file query_29.cif (mmCIF, C-alpha atoms)
data_protein
#
loop_
_atom_site.label_atom_id
_atom_site.label_comp_id
_atom_site.auth_asym_id
_atom_site.auth_seq_id
_atom_site.Cartn_x
_atom_site.Cartn_y
_atom_site.Cartn_z
CA MET E 1 77.10 -77.09 19.88
CA MET E 2 77.27 -73.35 20.42
CA ARG E 3 75.91 -71.80 23.59
CA LEU E 4 75.92 -68.50 25.40
CA GLU E 5 77.49 -67.97 28.79
CA LEU E 6 77.37 -65.01 31.16
CA VAL E 7 80.79 -64.08 32.52
CA LYS E 8 81.04 -61.68 35.46
CA ARG E 9 82.86 -58.50 34.53
CA PRO E 10 85.94 -57.80 36.69
CA GLN E 11 84.87 -54.16 36.93
CA ARG E 12 81.49 -52.74 36.00
CA SER E 13 81.03 -49.35 34.38
CA ALA E 14 80.00 -46.68 36.89
CA LEU E 15 78.56 -44.57 34.07
CA PHE E 16 76.32 -47.31 32.68
CA SER E 17 75.30 -48.33 36.21
CA ALA E 18 74.00 -44.80 36.75
CA LEU E 19 72.35 -44.63 33.33
CA SER E 20 70.79 -48.11 33.50
CA PRO E 21 67.31 -47.02 34.69
CA PHE E 22 67.15 -44.31 32.02
CA ILE E 23 68.24 -46.74 29.31
CA ALA E 24 65.62 -49.22 30.50
CA PHE E 25 62.94 -46.52 30.44
CA ALA E 26 63.96 -45.45 26.91
CA LEU E 27 63.77 -49.06 25.70
CA THR E 28 60.34 -49.37 27.31
CA ILE E 29 59.18 -46.29 25.41
CA ILE E 30 60.44 -47.78 22.13
CA ALA E 31 58.73 -51.11 22.83
CA GLY E 32 55.59 -49.23 23.89
CA ALA E 33 55.56 -47.33 20.58
CA VAL E 34 55.65 -50.66 18.73
CA LEU E 35 52.85 -51.95 20.96
CA PHE E 36 50.60 -48.96 20.27
CA ALA E 37 51.35 -49.17 16.54
CA LEU E 38 50.30 -52.83 16.52
CA LEU E 39 47.07 -51.83 18.26
CA GLY E 40 46.39 -49.36 15.46
CA VAL E 41 47.00 -46.23 17.56
CA ASN E 42 49.31 -43.36 16.73
CA PRO E 43 52.19 -43.76 19.23
CA LEU E 44 52.66 -40.00 19.66
CA THR E 45 48.98 -39.53 20.47
CA ALA E 46 49.02 -42.50 22.81
CA PHE E 47 52.10 -41.28 24.68
CA ARG E 48 50.61 -37.80 25.07
CA ILE E 49 47.49 -39.29 26.62
CA TYR E 50 49.48 -41.83 28.62
CA PHE E 51 52.26 -39.69 30.09
CA ILE E 52 51.30 -36.01 29.78
CA GLU E 53 47.54 -35.57 30.12
CA PRO E 54 47.30 -37.44 33.49
CA ILE E 55 49.53 -34.80 35.14
CA SER E 56 48.42 -31.67 33.30
CA GLN E 57 46.23 -30.33 36.13
CA VAL E 58 46.72 -29.83 39.86
CA TRP E 59 44.07 -32.34 40.94
CA GLN E 60 45.72 -34.94 38.72
CA LEU E 61 49.01 -34.43 40.55
CA HIS E 62 47.11 -35.26 43.73
CA GLU E 63 45.92 -38.49 42.13
CA LEU E 64 49.51 -39.25 41.19
CA ALA E 65 50.54 -38.80 44.83
CA ILE E 66 47.75 -41.16 45.95
CA LYS E 67 48.98 -43.86 43.57
CA ALA E 68 52.64 -43.28 44.36
CA ALA E 69 52.36 -43.37 48.17
CA PRO E 70 51.83 -47.15 48.58
CA LEU E 71 54.40 -47.92 45.88
CA ILE E 72 57.06 -45.87 47.66
CA LEU E 73 56.22 -47.22 51.12
CA ILE E 74 56.32 -50.83 49.97
CA GLY E 75 59.31 -50.26 47.68
CA VAL E 76 61.59 -48.82 50.37
CA GLY E 77 60.76 -51.76 52.64
CA LEU E 78 61.49 -54.26 49.90
CA SER E 79 64.80 -52.53 49.17
CA VAL E 80 66.04 -53.51 52.63
CA CYS E 81 65.08 -57.15 51.99
CA TYR E 82 66.72 -57.25 48.59
CA LYS E 83 69.89 -55.53 49.86
CA ALA E 84 70.10 -58.33 52.42
CA ASN E 85 69.59 -60.91 49.65
CA ILE E 86 66.21 -61.86 51.14
CA TRP E 87 63.48 -62.20 48.53
CA ASN E 88 60.18 -60.99 49.92
CA ILE E 89 57.67 -61.36 47.06
CA GLY E 90 54.60 -61.26 49.30
CA ALA E 91 54.26 -57.53 50.02
CA GLU E 92 50.79 -57.61 48.47
CA GLY E 93 49.60 -59.96 51.20
CA GLN E 94 51.28 -57.86 53.90
CA PHE E 95 49.57 -54.79 52.42
CA ILE E 96 46.19 -56.52 52.73
CA PHE E 97 46.75 -57.72 56.28
CA GLY E 98 47.87 -54.27 57.34
CA ALA E 99 44.61 -52.92 55.97
CA ILE E 100 42.62 -55.62 57.79
CA PHE E 101 44.32 -55.12 61.17
CA GLY E 102 44.05 -51.34 61.00
CA SER E 103 40.41 -51.47 59.93
CA ALA E 104 39.42 -53.56 62.95
CA ILE E 105 38.89 -50.42 65.08
CA PRO E 106 36.41 -48.52 62.83
CA VAL E 107 34.64 -51.73 61.80
CA LEU E 108 34.30 -53.46 65.19
CA PHE E 109 34.13 -50.34 67.36
CA PRO E 110 32.43 -47.69 65.22
CA GLN E 111 31.36 -45.79 68.35
CA PHE E 112 35.01 -45.22 69.29
CA GLU E 113 35.79 -41.68 68.16
CA GLY E 114 38.55 -39.24 68.97
CA PRO E 115 42.14 -38.25 68.14
CA LEU E 116 43.53 -41.64 69.19
CA VAL E 117 41.62 -43.61 66.57
CA LEU E 118 43.79 -42.87 63.55
CA PRO E 119 47.18 -43.36 65.28
CA LEU E 120 45.95 -46.70 66.67
CA MET E 121 44.78 -47.74 63.21
CA LEU E 122 48.15 -46.90 61.66
CA LEU E 123 49.98 -48.74 64.44
CA LEU E 124 47.75 -51.81 64.05
CA GLY E 125 48.29 -51.69 60.29
CA MET E 126 52.05 -51.85 60.75
CA VAL E 127 51.66 -54.66 63.31
CA GLY E 128 49.43 -56.62 60.92
CA GLY E 129 51.84 -56.30 57.99
CA ALA E 130 54.83 -57.22 60.14
CA ALA E 131 53.03 -60.20 61.70
CA TYR E 132 52.10 -61.56 58.28
CA ALA E 133 55.67 -61.06 57.04
CA ALA E 134 56.95 -62.97 60.06
CA ILE E 135 55.43 -66.19 58.70
CA PRO E 136 57.83 -66.64 55.73
CA ALA E 137 60.66 -65.37 57.96
CA LEU E 138 59.94 -68.08 60.52
CA LEU E 139 59.61 -70.75 57.84
CA LYS E 140 62.93 -69.72 56.30
CA THR E 141 64.91 -69.61 59.53
CA ARG E 142 63.34 -72.68 61.14
CA PHE E 143 62.78 -75.01 58.18
CA ASN E 144 64.96 -73.42 55.46
CA THR E 145 61.98 -73.03 53.14
CA ASN E 146 62.20 -70.82 50.07
CA GLU E 147 60.89 -67.38 51.04
CA ILE E 148 59.93 -66.61 47.44
CA LEU E 149 57.37 -69.41 47.37
CA THR E 150 56.03 -69.00 50.89
CA SER E 151 55.64 -65.21 50.75
CA LEU E 152 54.02 -65.43 47.31
CA MET E 153 51.56 -68.16 48.28
CA LEU E 154 50.53 -66.18 51.36
CA VAL E 155 49.35 -63.39 49.07
CA TYR E 156 46.48 -65.58 47.86
CA VAL E 157 45.62 -66.53 51.44
CA ALA E 158 45.39 -62.84 52.34
CA GLN E 159 43.23 -62.03 49.32
CA LEU E 160 40.80 -64.85 50.05
CA PHE E 161 40.68 -63.97 53.75
CA LEU E 162 39.81 -60.35 52.92
CA ASP E 163 37.11 -61.53 50.50
CA TRP E 164 35.62 -63.77 53.20
CA LEU E 165 35.64 -60.96 55.78
CA VAL E 166 33.84 -58.38 53.68
CA ARG E 167 31.29 -60.90 52.43
CA GLY E 168 30.75 -62.43 55.86
CA PRO E 169 31.35 -61.20 59.41
CA TRP E 170 32.44 -57.67 58.53
CA ARG E 171 29.86 -56.95 55.83
CA ASP E 172 27.83 -53.80 56.32
CA PRO E 173 24.29 -54.86 57.35
CA GLN E 174 22.98 -51.65 55.77
CA GLY E 175 24.99 -52.11 52.59
CA HIS E 176 22.17 -53.71 50.54
CA GLY E 177 24.13 -56.95 50.23
CA PHE E 178 27.25 -55.42 48.68
CA PRO E 179 30.53 -57.02 49.87
CA GLN E 180 31.96 -54.12 51.85
CA THR E 181 32.34 -52.91 55.41
CA ILE E 182 30.72 -49.84 56.89
CA GLN E 183 32.13 -46.48 55.89
CA PHE E 184 34.82 -45.34 58.31
CA GLY E 185 33.93 -42.50 60.65
CA ASP E 186 35.54 -39.07 60.44
CA SER E 187 38.10 -39.95 63.14
CA ALA E 188 39.23 -42.98 61.13
CA VAL E 189 39.82 -41.16 57.84
CA LEU E 190 43.31 -40.00 56.88
CA PRO E 191 43.23 -36.19 56.44
CA GLU E 192 43.83 -34.66 53.05
CA LEU E 193 46.86 -32.43 52.58
CA MET E 194 45.15 -29.68 50.60
CA PRO E 195 41.39 -30.38 50.41
CA ASP E 196 40.73 -27.44 48.09
CA ALA E 197 43.22 -28.67 45.46
CA GLY E 198 42.80 -32.45 45.42
CA ARG E 199 42.48 -35.74 47.32
CA ALA E 200 46.13 -36.37 48.22
CA ASN E 201 46.38 -37.37 51.88
CA TRP E 202 49.03 -37.89 54.53
CA GLY E 203 49.91 -41.29 53.10
CA PHE E 204 52.23 -39.53 50.65
CA VAL E 205 53.96 -37.76 53.56
CA PHE E 206 54.39 -41.12 55.31
CA ALA E 207 56.03 -42.45 52.15
CA LEU E 208 58.52 -39.57 51.91
CA VAL E 209 59.39 -39.78 55.60
CA ALA E 210 59.88 -43.56 55.35
CA ALA E 211 62.18 -43.13 52.34
CA VAL E 212 64.35 -40.62 54.20
CA LEU E 213 64.51 -42.76 57.35
CA ILE E 214 65.45 -45.91 55.43
CA TRP E 215 68.07 -43.91 53.50
CA ILE E 216 69.60 -42.84 56.82
CA LEU E 217 69.36 -46.40 58.15
CA MET E 218 71.10 -47.93 55.15
CA GLY E 219 73.77 -45.29 54.69
CA ARG E 220 74.52 -43.95 58.16
CA MET E 221 73.77 -46.66 60.72
CA LEU E 222 75.37 -49.94 61.78
CA LYS E 223 72.23 -51.90 60.98
CA GLY E 224 72.38 -50.74 57.39
CA PHE E 225 76.02 -51.83 57.19
CA GLU E 226 74.98 -55.22 58.57
CA VAL E 227 72.30 -55.52 55.88
CA ARG E 228 74.78 -54.75 53.12
CA VAL E 229 77.46 -57.11 54.44
CA LEU E 230 75.14 -60.08 54.89
CA GLY E 231 73.57 -59.42 51.51
CA SER E 232 76.85 -59.33 49.63
CA SER E 233 78.77 -61.95 51.63
CA PRO E 234 77.00 -64.03 54.31
CA ARG E 235 80.30 -65.71 55.21
CA ALA E 236 81.96 -62.36 55.92
CA GLY E 237 78.90 -61.36 57.93
CA ARG E 238 79.21 -64.45 60.11
CA PHE E 239 82.89 -63.67 60.76
CA ALA E 240 81.83 -60.16 61.79
CA GLY E 241 79.35 -61.62 64.27
CA PHE E 242 76.19 -60.72 62.36
CA GLY E 243 73.34 -63.21 62.70
CA LEU E 244 71.70 -64.28 59.45
CA SER E 245 68.50 -65.46 61.14
CA ARG E 246 68.13 -62.16 62.96
CA MET E 247 68.63 -60.34 59.69
CA VAL E 248 65.93 -62.40 57.98
CA PHE E 249 63.45 -61.42 60.68
CA PHE E 250 64.56 -57.79 60.70
CA ALA E 251 64.22 -57.39 56.94
CA PHE E 252 60.88 -59.17 56.74
CA LEU E 253 59.37 -57.36 59.73
CA LEU E 254 60.50 -53.94 58.52
CA SER E 255 59.29 -54.61 54.99
CA GLY E 256 55.98 -56.02 56.25
CA ALA E 257 55.42 -53.09 58.62
CA LEU E 258 55.84 -50.56 55.80
CA ALA E 259 53.59 -52.60 53.51
CA GLY E 260 51.00 -52.76 56.31
CA LEU E 261 51.24 -49.00 56.79
CA ALA E 262 50.66 -48.59 53.06
CA GLY E 263 47.60 -50.85 53.30
CA ILE E 264 45.87 -49.02 56.14
CA SER E 265 46.80 -45.63 54.63
CA GLU E 266 45.17 -46.67 51.35
CA VAL E 267 42.01 -47.94 53.04
CA SER E 268 41.60 -45.06 55.47
CA GLY E 269 42.56 -42.46 52.89
CA ALA E 270 41.59 -43.14 49.29
CA ILE E 271 38.90 -45.81 49.85
CA GLY E 272 37.30 -45.22 53.26
CA GLN E 273 36.20 -48.83 53.84
CA LEU E 274 37.28 -52.41 53.23
CA GLN E 275 36.29 -53.99 49.92
CA PRO E 276 37.10 -57.35 48.27
CA VAL E 277 39.80 -55.62 46.21
CA ILE E 278 41.78 -52.78 47.77
CA SER E 279 44.90 -52.90 45.61
CA PRO E 280 45.50 -52.97 41.85
CA GLY E 281 48.69 -54.91 42.54
CA TYR E 282 50.76 -52.37 44.47
CA GLY E 283 52.73 -55.11 46.23
CA PHE E 284 53.96 -56.60 42.96
CA THR E 285 54.50 -53.29 41.18
CA ALA E 286 56.61 -52.13 44.13
CA ILE E 287 59.15 -54.81 43.19
CA ILE E 288 59.67 -52.96 39.90
CA VAL E 289 59.83 -49.68 41.83
CA ALA E 290 62.56 -51.02 44.12
CA PHE E 291 64.77 -52.19 41.25
CA LEU E 292 64.09 -49.16 39.07
CA GLY E 293 65.20 -47.03 42.01
CA ARG E 294 68.41 -49.08 42.26
CA LEU E 295 67.38 -50.20 45.78
CA ASN E 296 68.12 -46.64 46.90
CA PRO E 297 65.28 -45.19 49.01
CA LEU E 298 65.56 -41.75 47.42
CA GLY E 299 65.66 -43.27 43.94
CA ILE E 300 62.59 -45.30 44.87
CA VAL E 301 60.65 -42.07 45.42
CA ALA E 302 61.25 -41.07 41.79
CA ALA E 303 60.57 -44.60 40.56
CA GLY E 304 57.33 -44.71 42.54
CA LEU E 305 56.10 -41.56 40.81
CA VAL E 306 56.96 -43.03 37.40
CA LEU E 307 55.12 -46.29 38.07
CA ALA E 308 52.17 -44.41 39.56
CA LEU E 309 51.95 -42.53 36.28
CA THR E 310 51.60 -45.84 34.42
CA TYR E 311 48.43 -46.57 36.42
CA LEU E 312 46.95 -43.17 35.60
CA GLY E 313 48.07 -43.47 31.98
CA GLY E 314 46.44 -46.89 31.67
CA GLU E 315 43.13 -45.44 32.84
CA ALA E 316 43.52 -42.46 30.48
CA VAL E 317 44.14 -44.50 27.32
CA GLN E 318 41.27 -46.79 28.26
CA SER E 319 38.79 -43.91 28.36
CA ALA E 320 40.26 -41.87 25.49
CA LEU E 321 41.30 -44.58 23.01
CA GLY E 322 39.25 -47.59 24.06
CA ILE E 323 42.38 -49.63 24.88
CA SER E 324 42.31 -52.06 27.78
CA ASP E 325 43.74 -50.62 31.00
CA LYS E 326 45.86 -53.79 31.17
CA VAL E 327 48.28 -51.91 28.94
CA ALA E 328 49.59 -50.41 32.19
CA ARG E 329 50.59 -53.90 33.35
CA VAL E 330 52.30 -54.47 30.01
CA PHE E 331 54.33 -51.29 30.45
CA GLN E 332 55.28 -52.27 33.99
CA GLY E 333 56.34 -55.73 32.86
CA MET E 334 58.42 -54.38 29.99
CA LEU E 335 60.05 -51.88 32.32
CA LEU E 336 61.03 -54.63 34.77
CA PHE E 337 62.33 -56.78 31.91
CA PHE E 338 64.53 -53.99 30.55
CA VAL E 339 65.76 -52.96 34.01
CA LEU E 340 66.86 -56.50 34.77
CA GLY E 341 68.30 -56.91 31.28
CA CYS E 342 70.35 -53.72 31.50
CA ASP E 343 71.63 -54.63 34.97
CA THR E 344 72.60 -58.09 33.75
CA LEU E 345 74.61 -56.71 30.84
CA ILE E 346 76.30 -54.18 33.12
CA HIS E 347 77.43 -56.86 35.57
CA TYR E 348 78.09 -59.62 33.03
CA ARG E 349 79.31 -59.97 29.48
CA ILE E 350 78.00 -62.53 27.03
CA ARG E 351 80.50 -65.09 25.78
CA LEU E 352 79.84 -67.46 22.92
CA ILE E 353 81.37 -70.83 23.74
CA GLY E 354 81.48 -74.08 21.85
CA LEU E 355 84.19 -73.42 19.23
CA ALA E 356 86.95 -73.74 21.80
CA LEU E 357 85.52 -77.01 23.06
CA THR E 358 85.30 -78.30 19.50
CA LYS E 359 89.00 -77.61 18.91
CA GLN E 360 89.94 -79.37 22.12
CA GLU E 361 87.85 -82.38 21.26
CA ALA E 362 89.06 -82.53 17.65
CA PRO E 363 92.17 -84.71 18.27
CA ALA E 364 90.13 -87.20 20.27
CA LYS E 365 87.50 -87.33 17.56
CA LEU E 366 90.11 -87.85 14.81
CA GLU E 367 91.67 -90.66 16.83
CA ALA E 368 88.31 -92.33 17.38
CA ALA E 369 87.18 -92.03 13.75
CA PRO E 370 89.13 -95.10 12.35
CA LYS E 371 87.92 -97.26 15.22
CA LEU E 372 84.35 -96.24 14.54
CA LYS E 373 84.80 -97.05 10.84
CA GLU E 374 86.19 -100.52 11.64
CA ALA E 375 83.27 -101.18 14.00
CA ARG E 376 80.86 -100.45 11.18
#
call {"tool": "encode", "arguments": {"input": "query_29.cif", "output": "structure tokens"}}
result
Amino acid sequence: MMRLELVKRPQRSALFSALSPFIAFALTIIAGAVLFALLGVNPLTAFRIYFIEPISQVWQLHELAIKAAPLILIGVGLSVCYKANIWNIGAEGQFIFGAIFGSAIPVLFPQFEGPLVLPLMLLLGMVGGAAYAAIPALLKTRFNTNEILTSLMLVYVAQLFLDWLVRGPWRDPQGHGFPQTIQFGDSAVLPELMPDAGRANWGFVFALVAAVLIWILMGRMLKGFEVRVLGSSPRAGRFAGFGLSRMVFFAFLLSGALAGLAGISEVSGAIGQLQPVISPGYGFTAIIVAFLGRLNPLGIVAAGLVLALTYLGGEAVQSALGISDKVARVFQGMLLFFVLGCDTLIHYRIRLIGLALTKQEAPAKLEAAPKLKEAR
């Protein structure tokens, strides 16, 4: 039998490592052209509508910033987890709980107005995201449970809890039965950056600041060195005196806090109230953003803008060509597939094995053949 085996390369190519995201994006474009052709749409027309028209005007660039802000915030937090070899897949749930915690002030205390409202909301949002992320961290360190499963399952708990809140105790009594909270007051709304040009708010600034701070943390501070050491070699980290359990909590809490900040920024900025659905899947798309940005916070900023464009492009082709907006999810999935595929081929080479084993086994088979014939 012939089979394929991945063999780790003794030295990976620095050039191809740098070009990997661009190669993955080019392959995604090629696959996307085939997809549009199969749907009966001219690929050139589709790509113009998908990638160019959504950013052809100033107000559309503001929409791009609105979509990119949560992706960047969540992505830079996830990059810390993944650098530490900790697999937080539940950022979507942490995003939702950040939105819920931060929204408690304008929903439960609508009469509370003033300059302290918004800072308290943002702080509570970060606390909510971090607290929800602490659950899989505790389960991993105390019971050695798989953080992929626990963090992912908690996403559905968060979604159902949000749905129950807005349909039950937090539903607007004047909302004619619609499942939503009251509209946030002026003090609870995130200010827009340039109101005359578009809707982009301070959430995008938070994302850029977070990316720079995490870049400094990972590249210039001892904690970042600890993250990298424990992620690449836990045994070496233990010899250096670094605690793995502490790192699990640090990575989860930091990632959850940034996801929670993204959640409350989205609710208090772009939406203005809690609804049953407040995210088109930012927490999952941010995983693609993190890997497309090579787990580098500054690269994640660029990757976040690219993935934000796929959301806008999906809406554009839906309205202009009558194609389902789920095509955006298809593009995101293909991009992740090609990113992981390119990285795998950069770090490993494919070896076809089976022939060598056959030659080794040949003498034994020749020796056993007469005995088998006699037995028959």
call {"tool": "closest_atom_pairs", "arguments": {"input": "query_29.cif", "of": "range 278-320 of chain E", "to": "range 90-94 of chain E", "cutoff": "9 Å", "atoms": "only C-alpha atoms", "output": "Markdown table"}}
result
| residue | atom | partner | partner_atom | distance |
| --- | --- | --- | --- | --- |
| E:Ser279 | CA | E:Glu92 | CA | 8.1 |
| E:Gly281 | CA | E:Glu92 | CA | 6.8 |
| E:Tyr282 | CA | E:Glu92 | CA | 6.6 |
| E:Gly283 | CA | E:Glu92 | CA | 3.9 |
| E:Phe284 | CA | E:Glu92 | CA | 6.4 |
| E:Ala286 | CA | E:Ala91 | CA | 8.3 |
| E:Ile287 | CA | E:Ala91 | CA | 8.8 |
call {"tool": "closest_residue", "arguments": {"input": "query_29.cif", "among": "E:Leu124, E:Leu27, E:Val58, E:Leu292", "to": "Ala99 in chain E", "atoms": "all atoms listed in the file"}}
result
E:Leu124
call {"tool": "resolve_selection", "arguments": {"input": "query_29.cif", "expression": "the PyMOL selection byres ((chain E and resi 34-46) around 10)", "output": "list of chain:residue names"}}
result
E:Thr28, E:Ile29, E:Ile30, E:Ala31, E:Gly32, E:Ala33, E:Phe47, E:Arg48, E:Ile49, E:Tyr50, E:Phe51, E:Ile52, E:Gly313, E:Ala316, E:Val317, E:Ala320, E:Leu321, E:Ile323, E:Val327, E:Val330, E:Phe331
call {"tool": "closest_residue", "arguments": {"input": "query_29.cif", "among": "E:Gly322, E:Gly177, E:Gly125, E:Gly198", "to": "Leu64 in chain E", "atoms": "all atoms listed in the file"}}
result
E:Gly198
call {"tool": "atom_distance", "arguments": {"input": "query_29.cif", "atom1": "CA of Gly219 in chain E", "atom2": "CA of Asp343 in chain E"}}
result
21.9 Å
call {"tool": "resolve_selection", "arguments": {"input": "query_29.cif", "expression": "the PyMOL selection byres ((chain E and resi 208) around 9)", "output": "JSON, numbers by chain"}}
result
{"E": [69, 72, 73, 203, 204, 205, 206, 207, 209, 210, 211, 212, 213, 298, 301]}
call {"tool": "resolve_selection", "arguments": {"input": "query_29.cif", "expression": "the PyMOL selection byres ((chain E and resi 264) around 6)", "output": "ChimeraX atom specification"}}
result
/E:98-99,102,125,261-263,265-268
call {"tool": "atom_distance", "arguments": {"input": "query_29.cif", "atom1": "CA of Lys140 in chain E", "atom2": "CA of Phe250 in chain E"}}
result
12.8 Å
call {"tool": "closest_residue", "arguments": {"input": "query_29.cif", "among": "E:Tyr82, E:Trp202, E:Phe337, E:Trp215", "to": "Ile66 in chain E", "atoms": "all atoms listed in the file"}}
result
E:Trp202
call {"tool": "closest_residue", "arguments": {"input": "query_29.cif", "among": "E:Leu312, E:Leu193, E:Val76, E:Leu149", "to": "Leu217 in chain E", "atoms": "only C-alpha atoms"}}
result
E:Val76
call {"tool": "residues_around", "arguments": {"input": "query_29.cif", "residues": "Gly75 in chain E", "least_positions_apart": "3", "cutoff": "8 Å", "atoms": "all atoms listed in the file", "output": "VMD selection string"}}
result
chain E and resid 71 to 72 78 to 79 286 to 287 289 to 290 297 300 304
call {"tool": "build_atoms", "arguments": {"input": "query_29.cif", "residues": "range 231-238 of chain E", "atoms": "all heavy atoms", "output": "CSV table (one decimal), keeping the file's coordinate frame"}}
result
chain,number,residue,atom,x,y,z
E,231,GLY,N,74.1,-59.3,52.8
E,231,GLY,CA,73.6,-59.4,51.5
E,231,GLY,C,74.6,-59.7,50.5
E,231,GLY,O,74.4,-60.5,49.6
E,232,SER,N,75.8,-59.1,50.6
E,232,SER,CA,76.8,-59.3,49.6
E,232,SER,C,77.7,-60.5,50.0
E,232,SER,O,78.2,-61.2,49.1
E,232,SER,CB,77.7,-58.1,49.5
E,232,SER,OG,78.3,-57.8,50.8
E,233,SER,N,77.9,-60.8,51.2
E,233,SER,CA,78.8,-62.0,51.6
E,233,SER,C,78.3,-62.5,53.0
E,233,SER,O,78.8,-62.0,54.0
E,233,SER,CB,80.2,-61.5,51.7
E,233,SER,OG,81.1,-62.6,52.1
E,234,PRO,N,77.4,-63.5,53.0
E,234,PRO,CA,77.0,-64.0,54.3
E,234,PRO,C,78.1,-64.6,55.1
E,234,PRO,O,78.1,-64.5,56.4
E,234,PRO,CB,76.0,-65.1,53.9
E,234,PRO,CG,75.6,-64.8,52.5
E,234,PRO,CD,76.7,-64.1,51.9
E,235,ARG,N,79.2,-65.2,54.5
E,235,ARG,CA,80.3,-65.7,55.2
E,235,ARG,C,81.1,-64.6,56.0
E,235,ARG,O,81.4,-64.8,57.1
E,235,ARG,CB,81.2,-66.4,54.2
E,235,ARG,CG,82.4,-67.2,54.9
E,235,ARG,CD,83.0,-68.2,53.9
E,235,ARG,NE,84.1,-68.9,54.5
E,235,ARG,CZ,85.4,-68.5,54.4
E,235,ARG,NH1,85.7,-67.4,53.7
E,235,ARG,NH2,86.3,-69.2,54.9
E,236,ALA,N,81.3,-63.5,55.3
E,236,ALA,CA,82.0,-62.4,55.9
E,236,ALA,C,81.1,-61.8,57.1
E,236,ALA,O,81.6,-61.4,58.1
E,236,ALA,CB,82.2,-61.3,54.9
E,237,GLY,N,79.8,-61.8,56.9
E,237,GLY,CA,78.9,-61.4,57.9
E,237,GLY,C,79.0,-62.2,59.2
E,237,GLY,O,78.9,-61.7,60.3
E,238,ARG,N,79.1,-63.5,59.0
E,238,ARG,CA,79.2,-64.4,60.1
E,238,ARG,C,80.5,-64.2,60.9
E,238,ARG,O,80.6,-64.2,62.1
E,238,ARG,CB,79.1,-65.9,59.6
E,238,ARG,CG,77.7,-66.3,59.3
E,238,ARG,CD,77.6,-67.8,59.2
E,238,ARG,NE,78.5,-68.4,58.1
E,238,ARG,CZ,78.1,-68.5,56.8
E,238,ARG,NH1,76.8,-68.2,56.5
E,238,ARG,NH2,78.9,-69.0,55.9
